[in-house]
$ cat input_15.cif   # mmCIF, C-alpha atoms and all ligand atoms
data_protein
#
loop_
_atom_site.label_atom_id
_atom_site.label_comp_id
_atom_site.auth_asym_id
_atom_site.auth_seq_id
_atom_site.Cartn_x
_atom_site.Cartn_y
_atom_site.Cartn_z
CA MET A 1 19.16 0.45 -4.29
CA ALA A 2 19.10 3.38 -6.75
CA GLN A 3 19.92 6.85 -5.50
CA LEU A 4 17.14 9.36 -6.13
CA THR A 5 17.61 12.29 -8.48
CA LEU A 6 16.32 15.74 -7.55
CA SER A 7 13.74 15.52 -10.34
CA GLU A 8 12.37 12.25 -8.89
CA LEU A 9 12.28 13.52 -5.31
CA SER A 10 8.88 15.21 -5.13
CA SER A 11 6.87 12.43 -6.75
CA VAL A 12 8.60 9.74 -4.68
CA VAL A 13 8.07 11.61 -1.38
CA HIS A 14 4.39 12.31 -2.09
CA GLU A 15 3.84 8.67 -3.10
CA VAL A 16 5.60 7.33 0.02
CA VAL A 17 3.63 9.66 2.31
CA GLU A 18 0.40 8.67 0.57
CA ARG A 19 1.12 4.95 0.93
CA GLN A 20 2.20 5.01 4.57
CA PRO A 21 -0.56 3.58 6.82
CA ILE A 22 -1.18 5.96 9.72
CA THR A 23 -1.52 5.50 13.45
CA ASP A 24 -3.84 8.34 14.46
CA MET A 25 -2.76 8.87 18.05
CA HIS A 26 -5.52 11.20 19.27
CA THR A 27 -9.15 11.12 18.12
CA HIS A 28 -12.65 11.34 19.61
CA LEU A 29 -13.83 8.44 17.48
CA TYR A 30 -15.14 5.21 18.96
CA SER A 31 -15.02 1.61 17.92
CA PRO A 32 -18.27 1.05 15.99
CA ASN A 33 -19.47 -1.55 18.50
CA MET A 34 -19.29 0.91 21.44
CA ARG A 35 -22.83 1.86 22.39
CA GLY A 36 -24.20 4.16 25.07
CA PRO A 37 -27.75 4.79 26.30
CA GLN A 38 -28.49 6.81 23.10
CA GLY A 39 -26.99 4.24 20.69
CA PRO A 40 -23.57 4.15 18.98
CA LEU A 41 -21.00 6.50 20.50
CA LEU A 42 -19.36 6.99 17.11
CA LEU A 43 -20.50 9.98 15.04
CA TRP A 44 -20.65 9.54 11.28
CA GLY A 45 -22.53 10.88 8.23
CA ILE A 46 -23.14 14.20 6.50
CA ASP A 47 -25.20 15.90 9.23
CA ALA A 48 -22.65 15.01 11.91
CA LEU A 49 -19.92 16.35 9.61
CA LEU A 50 -21.76 19.64 9.10
CA THR A 51 -22.61 20.16 12.79
CA TYR A 52 -18.98 19.69 13.95
CA HIS A 53 -18.46 22.20 16.71
CA TYR A 54 -15.86 24.03 14.64
CA LEU A 55 -18.59 24.80 12.08
CA VAL A 56 -21.09 25.70 14.79
CA ALA A 57 -18.70 28.42 15.97
CA GLU A 58 -18.31 29.60 12.37
CA VAL A 59 -22.03 29.69 11.54
CA MET A 60 -22.74 31.77 14.66
CA ARG A 61 -20.68 34.55 13.02
CA TRP A 62 -23.06 34.71 10.04
CA SER A 63 -26.36 34.03 11.78
CA ASP A 64 -28.30 35.76 14.52
CA VAL A 65 -29.97 32.56 15.67
CA ALA A 66 -29.83 32.19 19.45
CA PRO A 67 -27.41 29.35 20.28
CA ASP A 68 -29.84 27.73 22.71
CA MET A 69 -32.53 27.70 20.03
CA PHE A 70 -30.02 26.33 17.47
CA PHE A 71 -29.04 23.47 19.78
CA ASP A 72 -32.72 22.61 20.31
CA TRP A 73 -33.20 22.09 16.58
CA PRO A 74 -32.92 18.59 15.07
CA VAL A 75 -29.39 17.96 13.78
CA GLU A 76 -30.61 18.06 10.17
CA ARG A 77 -31.99 21.57 10.61
CA GLN A 78 -28.73 22.68 12.22
CA ALA A 79 -26.87 21.23 9.24
CA ASP A 80 -29.21 23.00 6.81
CA LEU A 81 -28.40 26.39 8.38
CA ILE A 82 -24.66 25.66 8.37
CA TRP A 83 -24.75 24.57 4.75
CA GLN A 84 -26.77 27.65 3.70
CA LYS A 85 -24.69 30.20 5.60
CA LEU A 86 -21.16 28.77 5.30
CA PHE A 87 -21.29 27.03 1.92
CA ILE A 88 -24.00 28.74 -0.16
CA GLU A 89 -24.10 32.35 1.06
CA HIS A 90 -20.34 32.54 1.63
CA SER A 91 -17.40 30.63 0.12
CA PRO A 92 -16.33 27.71 2.37
CA VAL A 93 -12.67 28.71 2.55
CA SER A 94 -12.07 27.94 6.27
CA GLU A 95 -10.19 24.69 7.04
CA ALA A 96 -13.24 23.06 8.66
CA GLU A 97 -15.49 24.17 5.77
CA ARG A 98 -13.08 23.04 3.03
CA GLY A 99 -12.60 19.81 4.96
CA VAL A 100 -16.23 18.81 4.56
CA LEU A 101 -15.86 19.15 0.80
CA THR A 102 -12.60 17.17 0.71
CA SER A 103 -14.28 14.31 2.56
CA LEU A 104 -17.45 14.46 0.42
CA LYS A 105 -15.36 14.37 -2.77
CA ALA A 106 -13.40 11.33 -1.49
CA LEU A 107 -16.73 9.66 -0.72
CA GLY A 108 -17.74 10.08 -4.37
CA MET A 109 -19.97 13.15 -4.12
CA ASP A 110 -19.92 15.77 -6.90
CA VAL A 111 -19.72 18.88 -4.73
CA ARG A 112 -20.35 21.08 -7.79
CA SER A 113 -24.03 20.26 -7.35
CA ARG A 114 -24.04 21.92 -3.90
CA ASP A 115 -27.06 19.69 -3.36
CA LEU A 116 -27.10 18.79 0.33
CA GLY A 117 -30.24 16.72 -0.15
CA ALA A 118 -28.49 14.62 -2.77
CA PHE A 119 -25.46 14.10 -0.51
CA ARG A 120 -27.75 13.04 2.34
CA ALA A 121 -29.55 10.56 0.09
CA ALA A 122 -26.31 9.12 -1.28
CA LEU A 123 -24.71 8.68 2.15
CA ALA A 124 -27.83 7.55 4.07
CA GLY A 125 -28.28 4.13 5.59
CA VAL A 126 -24.59 3.27 5.94
CA SER A 127 -23.88 1.20 9.06
CA ALA A 128 -21.20 2.31 11.50
CA GLU A 129 -19.06 -0.72 10.64
CA ALA A 130 -19.30 -0.07 6.88
CA ALA A 131 -18.63 3.62 7.36
CA VAL A 132 -15.55 2.85 9.47
CA ARG A 133 -14.16 0.42 6.89
CA ARG A 134 -14.66 2.97 4.10
CA SER A 135 -13.29 6.05 5.89
CA LEU A 136 -10.24 4.32 7.36
CA GLN A 137 -9.49 2.80 3.97
CA LEU A 138 -9.85 6.17 2.19
CA ALA A 139 -7.65 7.83 4.80
CA ASN A 140 -5.20 4.90 4.87
CA ILE A 141 -5.39 4.65 8.66
CA ALA A 142 -4.31 1.40 10.28
CA HIS A 143 -4.81 2.33 13.95
CA VAL A 144 -7.15 4.77 15.71
CA VAL A 145 -6.48 5.84 19.29
CA MET A 146 -9.69 6.97 21.00
CA THR A 147 -10.30 9.29 23.96
CA ASN A 148 -11.88 7.26 26.73
CA ASP A 149 -13.17 9.05 29.80
CA PRO A 150 -14.22 6.94 32.84
CA PHE A 151 -16.18 9.98 34.06
CA ASP A 152 -18.30 9.94 30.88
CA GLU A 153 -21.60 8.22 31.75
CA ALA A 154 -22.16 7.43 28.06
CA GLU A 155 -19.19 5.07 27.77
CA ARG A 156 -18.84 3.75 31.36
CA ALA A 157 -21.38 1.00 30.84
CA PHE A 158 -19.50 -0.34 27.82
CA TRP A 159 -16.29 -0.81 29.77
CA LEU A 160 -17.98 -1.95 33.00
CA SER A 161 -19.72 -4.70 31.03
CA GLY A 162 -16.35 -5.97 29.82
CA GLY A 163 -16.74 -4.50 26.31
CA LYS A 164 -13.90 -5.08 23.87
CA VAL A 165 -13.10 -2.69 21.02
CA GLN A 166 -12.81 -3.63 17.34
CA THR A 167 -9.36 -4.45 15.93
CA GLY A 168 -7.50 -1.30 14.95
CA PHE A 169 -9.11 0.77 17.73
CA HIS A 170 -7.15 1.49 20.90
CA ALA A 171 -7.99 3.22 24.17
CA ALA A 172 -6.41 6.28 25.77
CA LEU A 173 -7.40 6.79 29.42
CA ARG A 174 -8.50 10.44 29.69
CA ILE A 175 -8.63 11.83 33.22
CA ASP A 176 -9.24 15.61 33.03
CA PRO A 177 -11.52 15.71 36.15
CA LEU A 178 -8.62 14.50 38.31
CA LEU A 179 -6.47 17.49 37.39
CA ARG A 180 -8.88 20.25 36.41
CA GLY A 181 -12.08 19.41 38.25
CA TRP A 182 -11.08 17.65 41.46
CA SER A 183 -13.82 19.13 43.65
CA GLU A 184 -16.47 17.85 41.23
CA ALA A 185 -14.67 14.52 40.82
CA VAL A 186 -14.60 13.74 44.56
CA PRO A 187 -18.34 13.04 45.07
CA ARG A 188 -18.42 10.97 41.90
CA LEU A 189 -15.42 8.91 42.96
CA GLN A 190 -17.00 8.46 46.40
CA GLY A 191 -20.21 7.33 44.74
CA TRP A 192 -18.29 4.68 42.86
CA GLY A 193 -16.84 3.37 46.12
CA TYR A 194 -13.45 5.10 46.21
CA LYS A 195 -12.58 6.45 49.67
CA VAL A 196 -11.27 9.86 48.60
CA ASP A 197 -11.69 13.30 50.15
CA SER A 198 -11.24 16.79 48.69
CA ALA A 199 -8.00 17.38 50.63
CA LEU A 200 -6.57 14.10 49.30
CA GLY A 201 -6.24 12.92 52.92
CA GLY A 202 -6.60 9.44 54.45
CA ASP A 203 -6.55 6.67 51.83
CA SER A 204 -7.22 9.11 48.97
CA VAL A 205 -3.89 8.61 47.19
CA ALA A 206 -4.19 4.82 47.26
CA GLU A 207 -7.84 5.06 46.21
CA VAL A 208 -7.11 7.31 43.21
CA GLN A 209 -4.35 4.89 42.25
CA ARG A 210 -6.90 2.04 42.54
CA PHE A 211 -9.34 3.98 40.33
CA LEU A 212 -6.65 4.43 37.67
CA ARG A 213 -5.42 0.83 37.98
CA GLU A 214 -8.95 -0.57 37.59
CA TRP A 215 -9.71 1.60 34.53
CA ALA A 216 -6.37 0.83 32.96
CA GLY A 217 -7.24 -2.83 33.49
CA ARG A 218 -10.58 -2.41 31.71
CA MET A 219 -9.35 -0.27 28.80
CA ALA A 220 -5.75 -1.44 28.28
CA PRO A 221 -4.91 2.14 27.26
CA LEU A 222 -1.86 2.94 25.14
CA TYR A 223 -1.39 6.09 27.21
CA MET A 224 -3.07 8.21 29.87
CA ALA A 225 -4.08 11.75 28.84
CA VAL A 226 -5.21 15.11 30.14
CA SER A 227 -5.91 18.53 28.67
CA LEU A 228 -4.56 21.33 30.88
CA PRO A 229 -5.51 25.01 31.20
CA PRO A 230 -2.95 27.68 30.20
CA ASP A 231 -2.28 28.51 33.88
CA PHE A 232 -1.55 24.93 34.96
CA SER A 233 1.66 24.61 36.89
CA TYR A 234 3.60 22.02 38.86
CA PRO A 235 4.24 21.93 41.73
CA ASP A 236 1.95 24.62 43.07
CA GLY A 237 0.92 23.17 46.44
CA SER A 238 -2.47 22.23 45.03
CA VAL A 239 -4.24 18.89 45.28
CA ALA A 240 -3.81 18.63 41.49
CA SER A 241 -0.02 18.67 41.90
CA ARG A 242 -0.24 15.84 44.43
CA VAL A 243 -2.68 13.83 42.27
CA LEU A 244 -0.25 14.18 39.36
CA ALA A 245 2.91 13.25 41.29
CA GLU A 246 1.46 10.66 43.69
CA CYS A 247 -1.26 9.02 41.62
CA ILE A 248 -1.12 9.61 37.87
CA LEU A 249 2.61 9.37 37.17
CA PRO A 250 3.15 6.33 39.43
CA MET A 251 0.23 4.56 37.74
CA CYS A 252 1.67 5.37 34.30
CA ARG A 253 4.93 3.79 35.42
CA GLU A 254 3.10 0.75 36.82
CA ALA A 255 1.17 0.31 33.57
CA HIS A 256 4.28 1.11 31.49
CA ILE A 257 2.42 3.79 29.51
CA PRO A 258 3.20 7.43 28.66
CA PHE A 259 1.28 10.41 30.01
CA ALA A 260 -0.05 12.82 27.36
CA MET A 261 -0.39 16.48 28.34
CA MET A 262 -2.37 18.68 25.97
CA ILE A 263 -1.67 22.15 27.28
CA GLY A 264 -3.46 25.48 26.83
CA SER A 265 -7.19 24.79 26.54
CA GLU A 266 -9.33 27.46 28.14
CA ARG A 267 -12.67 25.72 28.69
CA GLN A 268 -15.99 27.55 28.06
CA VAL A 269 -14.73 30.99 27.09
CA ASN A 270 -18.23 31.43 25.67
CA PRO A 271 -20.48 28.88 27.42
CA THR A 272 -23.46 29.64 25.15
CA LEU A 273 -21.57 27.84 22.33
CA ARG A 274 -21.24 24.67 24.48
CA LEU A 275 -18.57 22.37 22.93
CA ALA A 276 -17.73 25.16 20.47
CA GLY A 277 -17.17 27.58 23.36
CA ASP A 278 -13.62 26.63 24.34
CA GLY A 279 -10.65 28.87 23.65
CA LEU A 280 -6.92 28.86 24.21
CA GLY A 281 -4.25 30.62 26.21
CA ARG A 282 -0.47 30.82 26.11
CA ALA A 283 0.96 28.58 28.82
CA SER A 284 4.13 28.77 30.84
CA LEU A 285 5.87 25.47 29.97
CA GLY A 286 8.41 25.46 32.79
CA PHE A 287 6.44 22.68 34.51
CA VAL A 288 6.90 20.43 31.48
CA ALA A 289 10.70 20.61 31.85
CA ARG A 290 10.36 20.03 35.59
CA LEU A 291 8.19 16.93 35.12
CA ALA A 292 10.49 15.48 32.43
CA ARG A 293 13.49 16.16 34.67
CA GLU A 294 12.02 14.98 37.99
CA PHE A 295 10.25 11.91 36.58
CA PRO A 296 12.84 10.39 34.21
CA ALA A 297 11.10 6.99 34.38
CA ASN A 298 7.92 8.55 32.97
CA ARG A 299 7.38 9.27 29.30
CA PHE A 300 5.42 12.36 28.23
CA PHE A 301 3.53 13.06 25.02
CA VAL A 302 3.08 16.83 24.83
CA THR A 303 1.18 19.12 22.50
CA VAL A 304 0.24 22.77 23.01
CA LEU A 305 -2.65 24.91 21.85
CA SER A 306 -0.95 28.27 21.56
CA HIS A 307 1.10 29.09 18.46
CA GLU A 308 3.38 31.11 20.73
CA ASN A 309 4.22 28.00 22.78
CA GLN A 310 5.27 25.83 19.85
CA HIS A 311 8.90 26.92 19.60
CA GLU A 312 9.44 26.57 23.36
CA LEU A 313 7.93 23.04 23.31
CA ILE A 314 10.16 21.96 20.41
CA VAL A 315 13.26 23.16 22.26
CA LEU A 316 12.09 21.17 25.32
CA GLY A 317 11.88 18.16 22.99
CA ARG A 318 15.59 18.65 22.33
CA LYS A 319 16.31 18.55 26.07
CA PHE A 320 14.43 15.40 27.09
CA ARG A 321 14.32 12.03 25.33
CA ASN A 322 11.31 11.12 27.56
CA LEU A 323 9.32 13.92 25.93
CA MET A 324 7.61 13.29 22.57
CA VAL A 325 6.26 16.34 20.79
CA PHE A 326 3.09 15.53 18.87
CA GLY A 327 0.30 16.87 16.68
CA CYS A 328 -1.08 20.17 15.48
CA TRP A 329 -3.82 20.33 18.07
CA TRP A 330 -7.27 21.93 17.47
CA PHE A 331 -6.69 25.63 16.67
CA MET A 332 -3.22 24.66 15.40
CA ASN A 333 -4.70 22.32 12.81
CA ASN A 334 -4.72 24.83 9.95
CA PRO A 335 -2.43 24.64 6.89
CA VAL A 336 -0.50 27.86 7.58
CA ILE A 337 0.33 26.70 11.13
CA ILE A 338 0.81 23.00 10.30
CA GLU A 339 3.46 23.90 7.73
CA ASP A 340 5.16 26.38 10.06
CA MET A 341 5.24 23.91 12.98
CA THR A 342 6.34 20.95 10.86
CA ARG A 343 9.24 22.89 9.37
CA MET A 344 10.30 24.18 12.81
CA ARG A 345 10.05 20.68 14.31
CA MET A 346 12.03 19.05 11.51
CA GLU A 347 14.72 21.74 11.65
CA LEU A 348 15.11 21.29 15.43
CA LEU A 349 14.17 17.62 16.03
CA GLY A 350 14.96 15.90 12.72
CA THR A 351 12.34 13.14 12.36
CA SER A 352 12.08 12.42 16.12
CA PHE A 353 8.55 13.78 16.59
CA ILE A 354 4.95 12.93 15.67
CA PRO A 355 3.76 15.57 13.21
CA GLN A 356 0.03 15.10 13.39
CA HIS A 357 -3.09 13.55 14.84
CA SER A 358 -6.60 14.13 13.50
CA ASP A 359 -8.57 14.89 16.67
CA ALA A 360 -11.49 13.68 14.57
CA ARG A 361 -14.87 13.70 16.30
CA VAL A 362 -16.84 12.59 13.24
CA LEU A 363 -15.61 9.55 11.37
CA GLU A 364 -15.37 11.01 7.85
CA GLN A 365 -13.22 13.89 9.12
CA VAL A 366 -10.21 11.54 9.14
CA ILE A 367 -10.36 11.65 5.34
CA TYR A 368 -9.90 15.41 5.05
CA LYS A 369 -7.70 15.90 8.10
CA TRP A 370 -5.18 13.38 6.85
CA THR A 371 -5.45 14.30 3.16
CA HIS A 372 -4.64 17.90 4.02
CA SER A 373 -1.87 17.04 6.49
CA ARG A 374 -0.17 14.41 4.33
CA ALA A 375 0.17 17.00 1.57
CA ILE A 376 1.84 19.48 3.93
CA ILE A 377 4.12 16.90 5.57
CA ALA A 378 5.21 15.71 2.11
CA LYS A 379 5.84 19.29 0.96
CA VAL A 380 8.07 19.98 3.98
CA LEU A 381 9.93 16.69 3.52
CA VAL A 382 10.61 17.45 -0.16
CA ASP A 383 12.17 20.78 0.82
CA LYS A 384 14.26 19.24 3.59
CA TYR A 385 15.48 16.37 1.41
CA ALA A 386 16.30 18.83 -1.39
CA ASP A 387 18.38 20.81 1.10
CA LEU A 388 20.21 17.56 1.91
CA MET A 389 20.83 16.76 -1.72
CA ALA A 390 22.27 20.24 -2.24
CA THR A 391 25.14 19.21 0.07
CA GLY A 392 25.89 16.20 -2.13
CA TRP A 393 24.09 13.82 0.25
CA THR A 394 22.44 10.94 -1.61
CA LEU A 395 19.04 9.46 -0.79
CA GLU A 396 17.36 6.14 -1.53
CA ARG A 397 13.63 5.47 -1.58
CA ALA A 398 13.96 3.01 1.32
CA GLU A 399 15.35 5.79 3.53
CA ILE A 400 12.40 8.03 2.74
CA GLU A 401 10.05 5.13 3.50
CA ARG A 402 11.83 4.64 6.84
CA ASP A 403 11.58 8.34 7.77
CA VAL A 404 7.90 8.58 6.80
CA ALA A 405 7.08 5.39 8.72
CA ASP A 406 8.78 6.94 11.77
CA LEU A 407 6.75 10.13 11.48
CA LEU A 408 3.34 8.59 10.79
CA GLN A 409 3.52 5.34 12.76
CA ASP A 410 6.72 4.04 14.32
CA ASN A 411 7.68 7.00 16.55
CA PHE A 412 4.34 6.54 18.30
CA TRP A 413 4.57 2.77 18.82
CA ARG A 414 8.24 2.97 19.83
CA PHE A 415 7.39 5.62 22.44
CA VAL A 416 4.48 3.62 23.90
CA GLY A 417 6.76 0.56 23.92
CA LYS A 418 4.44 -1.71 21.95
CA ARG A 419 4.07 -3.09 18.46
CA PRO A 420 0.69 -2.55 16.74
O1 LIG B 501 -9.49 18.30 24.76
C1 LIG B 501 -9.41 17.78 23.63
O2 LIG B 501 -9.09 16.58 23.40
C2 LIG B 501 -9.76 18.69 22.47
O3 LIG B 501 -9.35 18.06 21.26
C3 LIG B 501 -11.26 18.97 22.47
O4 LIG B 501 -11.94 17.72 22.43
C4 LIG B 501 -11.75 19.88 21.36
O5 LIG B 501 -13.14 20.09 21.53
C5 LIG B 501 -11.57 19.31 19.98
O6 LIG B 501 -12.34 18.51 19.52
N1 LIG B 501 -10.54 19.77 19.30
O7 LIG B 501 -10.29 19.35 18.02
ZN ZN B 502 -9.07 16.08 21.32
#
$ encode --input "input_15.cif" --output "structure tokens" --more "lines below"
Ligand code: HDL
Ligand code: ZN
Amino acid sequence: MAQLTLSELSSVVHEVVERQPITDMHTHLYSPNMRGPQGPLLLWGIDALLTYHYLVAEVMRWSDVAPDMFFDWPVERQADLIWQKLFIEHSPVSEAERGVLTSLKALGMDVRSRDLGAFRAALAGVSAEAAVRRSLQLANIAHVVMTNDPFDEAERAFWLSGGKVQTGFHAALRIDPLLRGWSEAVPRLQGWGYKVDSALGGDSVAEVQRFLREWAGRMAPLYMAVSLPPDFSYPDGSVASRVLAECILPMCREAHIPFAMMIGSERQVNPTLRLAGDGLGRASLGFVARLAREFPANRFFVTVLSHENQHELIVLGRKFRNLMVFGCWWFMNNPVIIEDMTRMRMELLGTSFIPQHSDARVLEQVIYKWTHSRAIIAKVLVDKYADLMATGWTLERAEIERDVADLLQDNFWRFVGKRP
């Protein structure tokens, strides 16, 4: 096959990245057939886009509305305020603000009109299934991994009734209460018939394992996941350390699935902002090395929320083949940081990492989150390939296709040990 010239490089790389179907390994989307007591669990449409908790945090900086009053408003009124303050009265230059416009443009809206009413009318009445087909097609996403929480009353009924998700949607078993809310989890587990106690005595270990085994049986998760506070450590003599070592990691081994640790989220820094009220903290990542070293039969996806932790995590990725570095999580998901992290990762890990996930909560966000990230990943790849070519190394299109498939799809499926 023909060797690429330097002048061809950029257009070929951007085209290959554009064409590569994505496996989005961490989202808060739901299969369109998943329903809770209030209706579909999936969020989609213009008012859901505008009331994304990132934008709620941003509008509170320009408005003196009391958060509690804001949250009591109908979603449309919340969206009206966000549109007025963040898009009309001030230029929407933040990543979450610009993102709305990227998605609206891809959906065929002429954002020059700035006419929210017209956007609402044009996008109204679209079913969840139709919206999913359109957004995944526009974002070129082949597989969506959800976040599925057996402690979430809204989705329990779906799984307990034997619900099956739509093709292309996959479960991730999310178990935060077991590691960062054990005292609250105990009465709930007891209520569901699991003989556990707060000291993890008696049959508690076996019962937590049974809880995880039963939910893994219902969801067939591709991995188990937790978000951890900045001060999490292992081992620290706590019940959480024992739950991790004696329940979670053994059940991941039994189910042959990785454990994803998303480290550094400081929950409810400002509780009045509700979902928008979480912050971050710099973590001490020594426990990650210890877990990777002491549990070589376990595989760990790891992402961190503090910019300061990124370099340390990447170096840990060099030390352990059972550790897969992934994503630009949450407050990391901004162009300046995505580019910085992707360059650092490629310079230290080659292509043996997963550069991004969307973390989308609203369906149409996948369009902007991936449009923006593909452009940055392609830009970094062009630079790195150009550096290669400067040594006299030659490159063929098929090799770029292989590398991009690794980054956006195959590294994930290889690490979970399955084929899509
Ligand atoms: O814990 C998580 O999975 C985070 O992604 C939170 O859900 C956070 O609210 C979020 O949506 N970040 O993008
Ligand atoms: Zn998330």
$ residues_near_ligand --input "input_15.cif" --ligand "ligand ZN 502 (chain B)" --cutoff "8 Å" --atoms "only C-alpha atoms and all ligand atoms" --output "list in words"
His26, Thr27, His28, Thr147, Trp329, Trp330, Asp359 and Ala360 of chain A
$ residues_around --input "input_15.cif" --residues "range 37-48 of chain A" --least-positions-apart "4" --cutoff "6 Å" --atoms "all atoms listed in the file" --output "list in words"
Leu29, Tyr30, Glu76, Ala79, Val362 and Leu363 of chain A
$ closest_residue --input "input_15.cif" --among "A:Gly279, A:Pro92, A:Gly108, A:Pro235" --to "ligand LIG 501 (chain B)" --atoms "all atoms listed in the file"
A:Gly279
$ residues_near_point --input "input_15.cif" --point "(-0.4, 7.9, 33.1)" --cutoff "12 Å" --atoms "all atoms listed in the file" --output "ChimeraX atom specification"
/A:172-176,178,209,212-213,215-216,220-226,243-261,295,297-301,416
$ axis_aligned_box --input "input_15.cif" --around "range 255-261 of chain A" --padding-each-side "4 Å" --output "AutoDock Vina command-line options"
--center_x 1.9 --center_y 8.4 --center_z 30.5 --size_x 12.7 --size_y 24.2 --size_z 14.2
$ closest_residue --input "input_15.cif" --among "A:Ser265, A:Gln20, A:Thr51, A:Ser11" --to "ligand LIG 501 (chain B)" --atoms "all atoms listed in the file"
A:Ser265
$ atom_distance --input "input_15.cif" --atom1 "CA of Val208 in chain A" --atom2 "CA of Gly181 in chain A"
14.0 Å
$ residues_around --input "input_15.cif" --residues "Lys319 in chain A" --least-positions-apart "3" --cutoff "12 Å" --atoms "only C-alpha atoms" --output "ChimeraX atom specification"
/A:288-290,292-293,312-316,322-325,348-349
$ atom_distance --input "input_15.cif" --atom1 "CA of Phe158 in chain A" --atom2 "CA of Trp192 in chain A"
15.9 Å
$ closest_residue --input "input_15.cif" --among "A:Arg77, A:Arg282, A:His372, A:Arg318" --to "Gln356 in chain A" --atoms "all atoms listed in the file"
A:His372
$ atom_distance --input "input_15.cif" --atom1 "CA of Gly264 in chain A" --atom2 "CA of Leu305 in chain A"
5.1 Å
$ closest_residue --input "input_15.cif" --among "A:Gly327, A:Pro420, A:Pro32, A:Pro21" --to "ligand LIG 501 (chain B)" --atoms "only C-alpha atoms and all ligand atoms"
A:Gly327
$ closest_residue --input "input_15.cif" --among "A:Arg402, A:Arg267, A:Lys85, A:Arg321" --to "Gly281 in chain A" --atoms "only C-alpha atoms"
A:Arg267
$ residues_around --input "input_15.cif" --residues "range 134-136 of chain A" --least-positions-apart "6" --cutoff "9 Å" --atoms "all atoms listed in the file" --output "compact mmCIF listing (two decimals) with C-alpha atoms, keeping the file's coordinate frame"
# COMPACT_ATOMS: atom_id res chain seq x y z
CA SER A 103 -14.28 14.31 2.56
CA LEU A 107 -16.73 9.66 -0.72
CA ALA A 142 -4.31 1.40 10.28
CA HIS A 143 -4.81 2.33 13.95
CA VAL A 144 -7.15 4.77 15.71
CA LEU A 363 -15.61 9.55 11.37
CA GLU A 364 -15.37 11.01 7.85
CA GLN A 365 -13.22 13.89 9.12
CA VAL A 366 -10.21 11.54 9.14
CA ILE A 367 -10.36 11.65 5.34
$ closest_residue --input "input_15.cif" --among "A:Arg361, A:His170, A:Arg133, A:Arg188" --to "Tyr54 in chain A" --atoms "all atoms listed in the file"
A:Arg361
